[in-house]
Structure formats: structure tokens, C-alpha cells
$ cat coords.cif   # mmCIF, C-alpha atoms
data_upload
loop_
_atom_site.group_PDB
_atom_site.id
_atom_site.type_symbol
_atom_site.label_atom_id
_atom_site.label_comp_id
_atom_site.auth_asym_id
_atom_site.auth_seq_id
_atom_site.Cartn_x
_atom_site.Cartn_y
_atom_site.Cartn_z
ATOM 1 C CA MET A 122 -61.176 -33.279 -75.536
ATOM 2 C CA GLU A 123 -61.914 -33.464 -79.249
ATOM 3 C CA LYS A 124 -58.398 -32.331 -80.198
ATOM 4 C CA TYR A 125 -56.928 -35.125 -78.072
ATOM 5 C CA LEU A 126 -59.130 -37.697 -79.784
ATOM 6 C CA ASP A 127 -58.159 -36.323 -83.199
ATOM 7 C CA ALA A 128 -54.486 -36.364 -82.236
ATOM 8 C CA PHE A 129 -54.765 -39.948 -81.014
ATOM 9 C CA LEU A 130 -56.462 -41.175 -84.182
ATOM 10 C CA ASN A 131 -54.171 -39.215 -86.526
ATOM 11 C CA SER A 132 -51.055 -40.532 -84.814
ATOM 12 C CA PHE A 133 -52.373 -44.097 -84.703
ATOM 13 C CA MET A 134 -53.351 -44.069 -88.362
ATOM 14 C CA GLY A 135 -50.162 -42.263 -89.371
ATOM 15 C CA THR A 136 -47.962 -44.884 -87.708
ATOM 16 C CA LEU A 137 -50.072 -47.690 -89.152
ATOM 17 C CA ASN A 138 -49.864 -46.144 -92.622
ATOM 18 C CA TRP A 139 -46.086 -45.638 -92.379
ATOM 19 C CA THR A 140 -45.622 -49.250 -91.339
ATOM 20 C CA TRP A 141 -47.690 -50.471 -94.286
ATOM 21 C CA LYS A 142 -45.761 -48.217 -96.662
ATOM 22 C CA SER A 143 -42.553 -49.698 -95.260
ATOM 23 C CA ILE A 144 -43.802 -53.218 -95.953
ATOM 24 C CA VAL A 145 -44.631 -52.372 -99.586
ATOM 25 C CA PHE A 146 -41.412 -50.343 -100.123
ATOM 26 C CA GLU A 147 -43.062 -46.927 -100.388
ATOM 27 C CA VAL A 148 -40.672 -45.204 -97.981
ATOM 28 C CA PRO A 149 -36.989 -44.326 -98.514
ATOM 29 C CA TRP A 150 -34.922 -47.489 -98.121
ATOM 30 C CA TYR A 151 -32.728 -45.968 -95.416
ATOM 31 C CA THR A 152 -35.769 -45.301 -93.188
ATOM 32 C CA ASN A 153 -37.413 -48.666 -93.835
ATOM 33 C CA TYR A 154 -37.178 -50.194 -90.377
ATOM 34 C CA PHE A 155 -39.484 -53.099 -91.250
ATOM 35 C CA TRP A 156 -37.264 -54.672 -93.885
ATOM 36 C CA GLY A 157 -34.126 -53.227 -92.315
ATOM 37 C CA ILE A 158 -34.672 -55.205 -89.103
ATOM 38 C CA ILE A 159 -35.474 -58.337 -91.090
ATOM 39 C CA LEU A 160 -32.261 -57.925 -93.104
ATOM 40 C CA LEU A 161 -30.162 -57.310 -89.986
ATOM 41 C CA SER A 162 -31.750 -60.328 -88.284
ATOM 42 C CA VAL A 163 -31.033 -62.627 -91.224
ATOM 43 C CA LEU A 164 -27.426 -61.411 -91.507
ATOM 44 C CA VAL A 165 -26.685 -61.947 -87.800
ATOM 45 C CA TRP A 166 -28.440 -65.332 -87.900
ATOM 46 C CA ILE A 167 -26.231 -66.385 -90.843
ATOM 47 C CA LEU A 168 -23.172 -65.350 -88.813
ATOM 48 C CA GLU A 169 -24.461 -67.436 -85.889
ATOM 49 C CA ILE A 170 -24.801 -70.456 -88.164
ATOM 50 C CA ALA A 171 -21.396 -69.934 -89.803
ATOM 51 C CA PHE A 172 -19.442 -69.060 -86.641
ATOM 52 C CA PRO A 173 -21.292 -70.534 -83.645
ATOM 53 C CA TRP A 174 -19.806 -69.746 -80.241
ATOM 54 C CA ARG A 175 -21.739 -72.509 -78.463
ATOM 55 C CA LYS A 176 -21.416 -75.246 -81.058
ATOM 56 C CA ASN A 177 -23.929 -77.591 -79.421
ATOM 57 C CA GLN A 178 -26.699 -74.973 -79.631
ATOM 58 C CA ALA A 179 -29.278 -75.704 -82.330
ATOM 59 C CA VAL A 180 -29.742 -73.332 -85.261
ATOM 60 C CA PHE A 181 -33.388 -73.065 -84.234
ATOM 61 C CA ARG A 182 -32.564 -72.672 -80.570
ATOM 62 C CA LYS A 183 -35.017 -72.880 -77.682
ATOM 63 C CA ASP A 184 -37.786 -70.243 -78.084
ATOM 64 C CA PHE A 185 -36.435 -69.108 -81.478
ATOM 65 C CA TRP A 186 -39.898 -68.481 -82.937
ATOM 66 C CA LEU A 187 -41.225 -66.830 -79.775
ATOM 67 C CA ASP A 188 -38.368 -64.346 -79.849
ATOM 68 C CA ALA A 189 -38.818 -63.789 -83.585
ATOM 69 C CA PHE A 190 -42.434 -62.812 -82.917
ATOM 70 C CA TYR A 191 -41.269 -60.391 -80.220
ATOM 71 C CA ILE A 192 -39.247 -58.529 -82.856
ATOM 72 C CA PHE A 193 -42.399 -57.647 -84.762
ATOM 73 C CA PHE A 194 -44.562 -57.134 -81.700
ATOM 74 C CA ASN A 195 -42.287 -54.764 -79.778
ATOM 75 C CA PHE A 196 -40.921 -52.846 -82.746
ATOM 76 C CA PHE A 197 -44.082 -52.515 -84.828
ATOM 77 C CA LEU A 198 -47.387 -53.742 -83.393
ATOM 78 C CA PHE A 199 -46.979 -52.157 -79.972
ATOM 79 C CA THR A 200 -45.528 -48.991 -81.510
ATOM 80 C CA ILE A 201 -48.664 -48.586 -83.634
ATOM 81 C CA VAL A 202 -50.960 -49.087 -80.637
ATOM 82 C CA ILE A 203 -49.093 -46.772 -78.258
ATOM 83 C CA SER A 204 -48.292 -43.948 -80.712
ATOM 84 C CA GLY A 205 -51.631 -42.226 -80.159
ATOM 85 C CA PHE A 206 -51.163 -42.146 -76.385
ATOM 86 C CA TYR A 207 -47.755 -40.505 -76.712
ATOM 87 C CA LYS A 208 -49.189 -37.882 -79.062
ATOM 88 C CA CYS A 209 -51.884 -37.033 -76.512
ATOM 89 C CA LEU A 210 -49.217 -36.760 -73.824
ATOM 90 C CA GLU A 211 -47.251 -34.370 -76.030
ATOM 91 C CA LEU A 212 -50.343 -32.189 -76.463
ATOM 92 C CA LEU A 213 -50.957 -32.219 -72.717
ATOM 93 C CA PHE A 214 -47.438 -30.975 -72.049
ATOM 94 C CA LEU A 215 -47.881 -28.209 -74.619
ATOM 95 C CA ASP A 216 -51.138 -27.155 -72.956
ATOM 96 C CA ILE A 217 -49.370 -26.731 -69.618
ATOM 97 C CA GLY A 218 -46.467 -24.855 -71.193
ATOM 98 C CA ILE A 219 -43.850 -27.568 -71.616
ATOM 99 C CA ALA A 220 -42.500 -27.617 -75.176
ATOM 100 C CA SER A 221 -39.995 -30.061 -76.673
ATOM 101 C CA ASN A 222 -37.162 -27.545 -76.226
ATOM 102 C CA THR A 223 -38.103 -26.365 -72.718
ATOM 103 C CA LEU A 224 -35.363 -28.392 -71.022
ATOM 104 C CA ALA A 225 -32.746 -27.848 -73.726
ATOM 105 C CA LEU A 226 -29.194 -27.726 -72.360
ATOM 106 C CA VAL A 227 -27.586 -27.781 -75.798
ATOM 107 C CA ASP A 228 -28.867 -27.042 -79.271
ATOM 108 C CA LEU A 229 -27.428 -29.440 -81.820
ATOM 109 C CA LYS A 230 -29.059 -27.877 -84.847
ATOM 110 C CA GLU A 231 -26.050 -25.756 -85.734
ATOM 111 C CA TRP A 232 -23.482 -28.485 -85.069
ATOM 112 C CA PRO A 233 -21.855 -30.509 -87.868
ATOM 113 C CA GLU A 234 -23.976 -33.554 -88.651
ATOM 114 C CA ILE A 235 -21.386 -36.083 -87.488
ATOM 115 C CA PHE A 236 -21.268 -34.462 -84.035
ATOM 116 C CA GLN A 237 -25.061 -34.338 -83.864
ATOM 117 C CA LEU A 238 -25.213 -38.068 -84.457
ATOM 118 C CA LEU A 239 -22.400 -38.840 -82.017
ATOM 119 C CA VAL A 240 -23.885 -36.814 -79.135
ATOM 120 C CA PHE A 241 -27.358 -38.166 -79.867
ATOM 121 C CA PHE A 242 -26.058 -41.750 -79.835
ATOM 122 C CA VAL A 243 -24.020 -41.379 -76.634
ATOM 123 C CA LEU A 244 -26.669 -39.512 -74.624
ATOM 124 C CA LEU A 245 -29.452 -41.853 -75.713
ATOM 125 C CA ASP A 246 -27.336 -44.868 -74.811
ATOM 126 C CA PHE A 247 -26.543 -43.486 -71.359
ATOM 127 C CA VAL A 248 -30.244 -42.914 -70.672
ATOM 128 C CA GLN A 249 -30.972 -46.505 -71.705
ATOM 129 C CA TRP A 250 -28.096 -47.818 -69.555
ATOM 130 C CA PHE A 251 -29.478 -45.922 -66.562
ATOM 131 C CA THR A 252 -33.048 -47.128 -67.226
ATOM 132 C CA HIS A 253 -31.786 -50.685 -67.609
ATOM 133 C CA MET A 254 -30.052 -50.446 -64.240
ATOM 134 C CA LEU A 255 -33.332 -49.269 -62.653
ATOM 135 C CA LEU A 256 -35.122 -52.301 -64.115
ATOM 136 C CA HIS A 257 -32.768 -54.453 -62.044
ATOM 137 C CA ARG A 258 -32.689 -52.345 -58.896
ATOM 138 C CA TYR A 259 -36.423 -51.961 -58.191
ATOM 139 C CA ALA A 260 -38.605 -55.000 -57.574
ATOM 140 C CA PHE A 261 -41.738 -53.776 -59.377
ATOM 141 C CA LEU A 262 -39.671 -52.999 -62.500
ATOM 142 C CA TRP A 263 -37.756 -56.258 -62.260
ATOM 143 C CA GLU A 264 -41.022 -58.230 -62.400
ATOM 144 C CA PHE A 265 -41.517 -57.016 -65.978
ATOM 145 C CA HIS A 266 -37.844 -57.275 -66.910
ATOM 146 C CA LYS A 267 -37.894 -60.943 -65.938
ATOM 147 C CA VAL A 268 -39.467 -61.671 -69.333
ATOM 148 C CA HIS A 269 -36.228 -60.658 -71.030
ATOM 149 C CA HIS A 270 -34.137 -62.651 -68.572
ATOM 150 C CA SER A 271 -36.221 -65.779 -69.036
ATOM 151 C CA VAL A 272 -34.129 -66.518 -72.152
ATOM 152 C CA LYS A 273 -32.340 -69.832 -71.592
ATOM 153 C CA GLU A 274 -30.373 -69.973 -74.875
ATOM 154 C CA MET A 275 -29.002 -66.786 -76.378
ATOM 155 C CA GLY A 276 -29.550 -65.842 -79.989
ATOM 156 C CA PHE A 277 -29.984 -62.599 -81.941
ATOM 157 C CA ALA A 278 -33.793 -62.491 -81.561
ATOM 158 C CA ALA A 279 -33.522 -62.579 -77.750
ATOM 159 C CA HIS A 280 -32.619 -58.905 -78.141
ATOM 160 C CA MET A 281 -36.291 -58.095 -78.684
ATOM 161 C CA ARG A 282 -37.854 -60.430 -76.112
ATOM 162 C CA TYR A 283 -38.966 -57.943 -73.488
ATOM 163 C CA HIS A 284 -42.224 -57.045 -71.753
ATOM 164 C CA TRP A 285 -44.235 -54.304 -73.441
ATOM 165 C CA MET A 286 -44.145 -52.308 -70.181
ATOM 166 C CA GLU A 287 -40.458 -51.722 -70.811
ATOM 167 C CA ASN A 288 -41.475 -49.525 -73.736
ATOM 168 C CA ILE A 289 -43.493 -47.471 -71.257
ATOM 169 C CA PHE A 290 -40.463 -47.086 -68.972
ATOM 170 C CA TYR A 291 -37.878 -46.348 -71.655
ATOM 171 C CA LYS A 292 -39.843 -43.961 -73.861
ATOM 172 C CA PRO A 293 -40.307 -41.045 -71.397
ATOM 173 C CA LEU A 294 -36.627 -41.061 -70.421
ATOM 174 C CA LYS A 295 -35.514 -41.268 -74.050
ATOM 175 C CA THR A 296 -37.847 -38.360 -74.825
ATOM 176 C CA PHE A 297 -36.301 -36.474 -71.911
ATOM 177 C CA ALA A 298 -32.868 -36.992 -73.483
ATOM 178 C CA VAL A 299 -34.115 -35.610 -76.789
ATOM 179 C CA MET A 300 -35.567 -32.587 -74.965
ATOM 180 C CA ILE A 301 -32.139 -31.918 -73.448
ATOM 181 C CA LEU A 302 -30.753 -31.816 -77.001
ATOM 182 C CA GLY A 303 -33.139 -29.062 -78.030
ATOM 183 C CA GLY A 304 -36.151 -31.257 -78.704
ATOM 184 C CA PHE A 305 -35.119 -32.720 -82.037
ATOM 185 C CA GLU A 306 -33.462 -35.771 -83.547
ATOM 186 C CA PRO A 307 -30.644 -35.277 -86.077
ATOM 187 C CA GLU A 308 -31.783 -35.616 -89.673
ATOM 188 C CA GLN A 309 -29.726 -38.774 -90.078
ATOM 189 C CA ALA A 310 -30.884 -40.292 -86.745
ATOM 190 C CA TYR A 311 -31.908 -43.461 -88.563
ATOM 191 C CA ILE A 312 -28.176 -44.306 -88.690
ATOM 192 C CA VAL A 313 -28.037 -44.265 -84.879
ATOM 193 C CA HIS A 314 -31.153 -46.424 -84.583
ATOM 194 C CA PHE A 315 -29.916 -49.035 -87.059
ATOM 195 C CA VAL A 316 -26.469 -49.158 -85.420
ATOM 196 C CA ALA A 317 -28.130 -49.677 -82.017
ATOM 197 C CA ILE A 318 -30.314 -52.495 -83.387
ATOM 198 C CA ALA A 319 -27.315 -54.188 -85.014
ATOM 199 C CA ILE A 320 -25.247 -53.997 -81.807
ATOM 200 C CA GLY A 321 -28.207 -55.299 -79.775
ATOM 201 C CA HIS A 322 -28.656 -58.256 -82.114
ATOM 202 C CA LEU A 323 -24.936 -59.070 -81.953
ATOM 203 C CA ASN A 324 -24.850 -58.743 -78.155
ATOM 204 C CA HIS A 325 -27.488 -61.473 -77.836
ATOM 205 C CA SER A 326 -26.130 -63.650 -80.624
ATOM 206 C CA ASN A 327 -24.359 -66.992 -80.487
ATOM 207 C CA ILE A 328 -21.158 -65.391 -81.771
ATOM 208 C CA LYS A 329 -17.931 -64.877 -79.835
ATOM 209 C CA LEU A 330 -17.082 -61.248 -80.445
ATOM 210 C CA THR A 331 -15.231 -58.822 -78.164
ATOM 211 C CA TRP A 332 -14.167 -55.931 -80.481
ATOM 212 C CA GLY A 333 -10.588 -56.242 -79.144
ATOM 213 C CA PRO A 334 -9.363 -52.979 -77.535
ATOM 214 C CA LEU A 335 -12.720 -51.378 -78.389
ATOM 215 C CA LYS A 336 -14.425 -53.653 -75.846
ATOM 216 C CA TYR A 337 -14.037 -50.830 -73.319
ATOM 217 C CA ILE A 338 -16.275 -48.678 -75.506
ATOM 218 C CA PHE A 339 -18.692 -51.020 -77.277
ATOM 219 C CA ASN A 340 -20.822 -53.718 -75.696
ATOM 220 C CA ASN A 341 -20.308 -57.244 -77.008
ATOM 221 C CA PRO A 342 -21.739 -60.794 -76.798
ATOM 222 C CA VAL A 343 -19.135 -62.028 -74.278
ATOM 223 C CA MET A 344 -19.861 -59.161 -71.900
ATOM 224 C CA HIS A 345 -23.597 -59.286 -72.323
ATOM 225 C CA LEU A 346 -23.805 -63.032 -71.791
ATOM 226 C CA TYR A 347 -22.814 -62.461 -68.166
ATOM 227 C CA HIS A 348 -25.621 -59.944 -67.816
ATOM 228 C CA HIS A 349 -27.956 -62.914 -68.382
ATOM 229 C CA ALA A 350 -26.023 -65.320 -66.148
ATOM 230 C CA TYR A 351 -28.055 -67.344 -63.657
ATOM 231 C CA GLU A 352 -25.378 -67.018 -60.987
ATOM 232 C CA LEU A 353 -24.009 -63.564 -60.216
ATOM 233 C CA PRO A 354 -21.020 -62.617 -58.051
ATOM 234 C CA GLU A 355 -21.514 -62.025 -54.336
ATOM 235 C CA GLY A 356 -22.462 -58.447 -53.565
ATOM 236 C CA ARG A 357 -23.713 -57.812 -57.108
ATOM 237 C CA LYS A 358 -26.993 -59.697 -57.059
ATOM 238 C CA ASN A 359 -28.828 -56.804 -58.697
ATOM 239 C CA GLY A 360 -26.935 -57.436 -61.905
ATOM 240 C CA VAL A 361 -23.830 -56.622 -63.928
ATOM 241 C CA ASN A 362 -23.012 -55.375 -67.434
ATOM 242 C CA TYR A 363 -26.056 -53.141 -67.988
ATOM 243 C CA GLY A 364 -24.668 -51.687 -71.220
ATOM 244 C CA ILE A 365 -26.936 -51.411 -74.256
ATOM 245 C CA SER A 366 -24.711 -50.340 -77.161
ATOM 246 C CA LEU A 367 -21.795 -48.972 -75.158
ATOM 247 C CA SER A 368 -19.843 -50.848 -72.492
ATOM 248 C CA MET A 369 -18.017 -47.774 -71.230
ATOM 249 C CA TRP A 370 -20.755 -46.910 -68.727
ATOM 250 C CA ASP A 371 -20.197 -50.239 -66.963
ATOM 251 C CA TYR A 372 -16.455 -49.678 -66.818
ATOM 252 C CA LEU A 373 -16.922 -46.089 -65.622
ATOM 253 C CA PHE A 374 -19.422 -47.001 -62.906
ATOM 254 C CA LYS A 375 -17.777 -50.305 -61.946
ATOM 255 C CA THR A 376 -20.661 -52.565 -62.960
ATOM 256 C CA ASP A 377 -18.551 -54.632 -65.379
ATOM 257 C CA TYR A 378 -17.988 -58.363 -64.849
ATOM 258 C CA ILE A 379 -16.370 -60.829 -67.302
ATOM 259 C CA PRO A 380 -14.704 -63.719 -65.418
ATOM 260 C CA GLU A 381 -14.106 -65.881 -68.533
ATOM 261 C CA ASP A 382 -15.230 -66.264 -72.144
ATOM 262 C CA SER A 383 -16.156 -69.919 -72.709
ATOM 263 C CA GLY A 384 -19.785 -69.035 -73.387
ATOM 264 C CA LEU A 385 -20.889 -72.002 -71.287
ATOM 265 C CA VAL A 386 -22.861 -69.984 -68.757
ATOM 266 C CA PRO A 387 -26.251 -71.101 -67.378
ATOM 267 C CA LEU A 388 -28.766 -68.358 -68.114
ATOM 268 C CA GLY A 389 -31.870 -67.099 -66.353
ATOM 269 C CA TYR A 390 -32.657 -66.229 -62.746
ATOM 270 C CA GLU A 391 -33.809 -67.967 -59.588
ATOM 271 C CA GLY A 392 -37.439 -68.997 -60.068
ATOM 272 C CA ASP A 393 -37.453 -68.588 -63.859
ATOM 273 C CA ASN A 394 -39.365 -71.873 -64.134
ATOM 274 C CA GLU A 395 -42.443 -69.890 -63.055
ATOM 275 C CA MET A 396 -42.293 -67.710 -66.169
ATOM 276 C CA PRO A 397 -45.089 -68.580 -68.655
ATOM 277 C CA LYS A 398 -43.727 -70.243 -71.775
ATOM 278 C CA GLY A 399 -46.037 -68.551 -74.279
ATOM 279 C CA PHE A 400 -46.436 -64.966 -75.448
ATOM 280 C CA ILE A 401 -49.878 -64.375 -73.895
ATOM 281 C CA GLY A 402 -48.736 -65.489 -70.464
ATOM 282 C CA GLN A 403 -45.649 -63.293 -70.714
ATOM 283 C CA PHE A 404 -47.766 -60.399 -72.007
ATOM 284 C CA VAL A 405 -49.684 -60.174 -68.711
ATOM 285 C CA TYR A 406 -46.794 -61.260 -66.506
ATOM 286 C CA GLY A 407 -45.656 -58.855 -63.797
ATOM 287 C CA PHE A 408 -49.002 -57.347 -62.828
ATOM 288 C CA HIS A 409 -50.076 -60.020 -60.365
ATOM 289 C CA SER A 410 -46.827 -61.809 -59.603
ATOM 290 C CA LYS A 411 -45.480 -61.863 -56.081
ATOM 291 C CA ARG A 412 -43.183 -58.937 -55.364
ATOM 292 C CA LYS A 413 -40.493 -58.326 -52.796
ATOM 293 C CA ASN A 414 -39.010 -55.092 -51.569
ATOM 294 C CA LYS A 415 -35.836 -55.619 -53.585
ATOM 295 C CA ALA A 416 -34.908 -57.567 -56.677
ATOM 296 C CA THR A 417 -32.972 -60.603 -55.534
ATOM 297 C CA ASN A 418 -31.265 -62.245 -58.511
ATOM 298 C CA PRO A 419 -31.605 -60.350 -61.753
#

$ encode --input "coords.cif" --output "C-alpha cells"
Amino acid sequence: MEKYLDAFLNSFMGTLNWTWKSIVFEVPWYTNYFWGIILLSVLVWILEIAFPWRKNQAVFRKDFWLDAFYIFFNFFLFTIVISGFYKCLELLFLDIGIASNTLALVDLKEWPEIFQLLVFFVLLDFVQWFTHMLLHRYAFLWEFHKVHHSVKEMGFAAHMRYHWMENIFYKPLKTFAVMILGGFEPEQAYIVHFVAIAIGHLNHSNIKLTWGPLKYIFNNPVMHLYHHAYELPEGRKNGVNYGISLSMWDYLFKTDYIPEDSGLVPLGYEGDNEMPKGFIGQFVYGFHSKRKNKATNP
């Protein structure tokens, strides 16, 4: 039991220390997620101001500051708190004979770096697409995912407005994907993470961007706006356009839906007026809310 406590504390303090070092610029600039996310956020926000898709939407849109807080909470504060629990879970798996490379189907370590990054990016994105689809398909998961879909005006920071329980759902499956790849992340994995953050910010932004012919590969704001649409097509009430960074999964599995590109789409879901307006209310949302057997209008 003592080794688990030590592991918990060491991981907690290590993550806290790394975050502080990031804030005071004592880590390599290319791994500085704290200032990197701030820089990406400011850049996308400037693009929103300069090239607004919905021109009647305010620069400081509805819930702008709430969503800005979510960026720091979900990417840093919650990560610090939960890191110790994940370290204990890793130790538990080792104690029962499950190592990080136990499920390895491929070993990327000997591959050229560019292919390591590409496979890592694609596999991780597919796992997130699949997890995202589950959040819409199962009622108890949808209750937590409603926090993200309570956004009524889209902007870059809406990317990070999601219930902390989603971290709990995504992390094990993302870890599973890493285990399939031999239990390691490529040395330059920070490139993949920053690209994913940038695409996520753009997908939620007030910018009309489709990527042209590449829209069948990369997700984009026009496509993702319909993922947040209040009204969904008949027979697809569980949702459409689940893509995270890549749109190709939606086209491959026929979950794509883009009827037009005006950007004038009412957002939310049936009953979204019951969602608490503040962070604390949303923090505890989903545990005591009324559930049904199936999600009805994600």
C-alpha cells in the first residue's frame, strides 16, 4: 500500500512541478503546453475577430469566460489532480502482469519518425472518434457530454468546455491505443498533441473553413457546427459528425452530415435550458440528472 501512496504523491507533485516550470519557462519551448495553448487560443481568437463567419456574434460571445476557464481546468488543474490515480492504476496493472507493451500489435520504435507520428496521430484520433460516438449513444455517458453540447454560440474556447468525467472515459481508451503501439509515444509526440489542439480550436471557432478537397480527411468548423446542431436529421438523433481531428471516420462510417454552410444553425439539445449556467453546477452535472435508456437528441 505504501508504494501506491508514494507513486500517487510523486506523480501528483511531478505533474504540479512540471506545470509550474511551464508557467515560468523552465521547460523546452516545444513541450510548453501551458503557454502553447494560450498562444494557439489567442491566434485563433484573432482569426475569429478578423474573419468572423457569423458576423453578428460578439467578440466576447456568450459564455466566453466560462469556456476560457475550462481550458485551464481540463488541461491543467484536473490533469494535476488525476495524475496520481493513473499512476496507481499503472502500478496495479504491473502487479497483475499487464505491462505497457503487453497488447502491442506493432512496435513503432524502429520506424522512421515521420511514420511513428502519423500512425500515432491516426490511431489516437480513431480511438477518440469511437469514444465520442459512445458518449452520444449511451444515456449515462450522454448526461456528462451534455455539458459540451450546452454551448449556444461557438467559439474556439468551446473546444475545452467538457465535463471532467470525459477525461475519465477518454484516458483509458487512449492508453489502450498507446499499448497497441508498443506502449510508448513517439519522441516528437508533442507535435501530434499541438496539431490536435489547433484543429480542435479551429473546429469550434467562428471561422468558415472547409480545407477544400482535404475536407474528406480533416475535420473543419463547417462540419463540426452540425455536430452541435439543435435539430438533427430524422433517423440520426444520436448525432452526426463525431470527428475530432479527422473527418474521414465520419465519411467511412456514414455518420457525416453537412446540409449547408451558412453557419446560422441553432445550437444545443432538447432540454438544454436545464443545464446549470455556472462551472460548479456543470461540474456536478450528470450524477443525479434524470436518465433514459437511450440518448434522445445529442

$ resolve_selection --input "coords.cif" --expression "the PyMOL selection byres ((chain A and resi 252) around 12)" --output "MDAnalysis selection string"
chainID A and resid 245:251 253:259 262:263 266 287:295 298 363:365

$ atom_distance --input "coords.cif" --atom1 "CA of Asp377 in chain A" --atom2 "CA of Met344 in chain A"
8.0 Å

$ residues_around --input "coords.cif" --residues "range 186-203 of chain A" --least-positions-apart "2" --cutoff "10 Å" --atoms "only C-alpha atoms" --output "ChimeraX atom specification"
/A:129,132-140,154-155,158-159,162,181-184,205-208,269,272,276-285,287-289,398-400

$ atom_distance --input "coords.cif" --atom1 "CA of Val343 in chain A" --atom2 "CA of Ile379 in chain A"
7.6 Å

$ closest_residue --input "coords.cif" --among "A:Asp127, A:Trp156, A:Ser271, A:Asp228" --to "Trp141 in chain A" --atoms "all atoms listed in the file"
A:Trp156

$ atom_distance --input "coords.cif" --atom1 "CA of Val163 in chain A" --atom2 "CA of Leu323 in chain A"
11.7 Å

$ closest_residue --input "coords.cif" --among "A:Val180, A:Cys209, A:Val361, A:Val313" --to "Glu274 in chain A" --atoms "all atoms listed in the file"
A:Val180

$ closest_residue --input "coords.cif" --among "A:Lys124, A:Asn177, A:Leu168, A:Tyr311" --to "Pro149 in chain A" --atoms "only C-alpha atoms"
A:Tyr311

$ decode --input "coords.cif" --residues "range 238-259 of chain A" --atoms "N, CA and C atoms" --output "compact mmCIF listing (two decimals), in the first residue's frame"
# COMPACT_ATOMS: atom_id res chain seq x y z
N LEU A 238 4.87 9.26 -36.00
CA LEU A 238 3.94 10.35 -35.68
C LEU A 238 2.62 10.17 -36.43
N LEU A 239 2.68 9.77 -37.68
CA LEU A 239 1.48 9.62 -38.49
C LEU A 239 0.57 8.52 -37.94
N VAL A 240 1.15 7.35 -37.65
CA VAL A 240 0.36 6.24 -37.11
C VAL A 240 -0.18 6.59 -35.74
N PHE A 241 0.63 7.23 -34.92
CA PHE A 241 0.20 7.64 -33.58
C PHE A 241 -0.99 8.60 -33.68
N PHE A 242 -0.90 9.56 -34.57
CA PHE A 242 -1.96 10.56 -34.76
C PHE A 242 -3.25 9.91 -35.24
N VAL A 243 -3.16 9.05 -36.25
CA VAL A 243 -4.35 8.44 -36.84
C VAL A 243 -5.02 7.48 -35.87
N LEU A 244 -4.24 6.62 -35.21
CA LEU A 244 -4.83 5.66 -34.28
C LEU A 244 -5.46 6.36 -33.09
N LEU A 245 -4.77 7.36 -32.54
CA LEU A 245 -5.30 8.09 -31.41
C LEU A 245 -6.60 8.81 -31.78
N ASP A 246 -6.64 9.36 -32.99
CA ASP A 246 -7.84 10.06 -33.43
C ASP A 246 -9.01 9.11 -33.61
N PHE A 247 -8.73 7.91 -34.14
CA PHE A 247 -9.82 6.94 -34.30
C PHE A 247 -10.39 6.53 -32.95
N VAL A 248 -9.52 6.31 -31.97
CA VAL A 248 -9.99 5.94 -30.63
C VAL A 248 -10.86 7.05 -30.05
N GLN A 249 -10.47 8.31 -30.27
CA GLN A 249 -11.27 9.43 -29.77
C GLN A 249 -12.58 9.56 -30.52
N TRP A 250 -12.57 9.30 -31.84
CA TRP A 250 -13.81 9.31 -32.62
C TRP A 250 -14.77 8.25 -32.07
N PHE A 251 -14.26 7.06 -31.83
CA PHE A 251 -15.09 5.97 -31.33
C PHE A 251 -15.64 6.29 -29.94
N THR A 252 -14.78 6.84 -29.07
CA THR A 252 -15.22 7.21 -27.72
C THR A 252 -16.28 8.30 -27.80
N HIS A 253 -16.07 9.26 -28.68
CA HIS A 253 -17.03 10.35 -28.85
C HIS A 253 -18.39 9.80 -29.29
N MET A 254 -18.37 8.84 -30.18
CA MET A 254 -19.63 8.23 -30.63
C MET A 254 -20.34 7.55 -29.45
N LEU A 255 -19.58 6.88 -28.58
CA LEU A 255 -20.18 6.23 -27.41
C LEU A 255 -20.82 7.25 -26.47
N LEU A 256 -20.21 8.43 -26.35
CA LEU A 256 -20.76 9.48 -25.50
C LEU A 256 -22.16 9.89 -25.96
N HIS A 257 -22.43 9.72 -27.25
CA HIS A 257 -23.73 10.07 -27.80
C HIS A 257 -24.71 8.88 -27.80
N ARG A 258 -24.18 7.69 -27.82
CA ARG A 258 -25.03 6.51 -27.98
C ARG A 258 -25.60 6.00 -26.66
N TYR A 259 -24.90 6.22 -25.55
CA TYR A 259 -25.33 5.66 -24.27
C TYR A 259 -25.75 6.77 -23.32
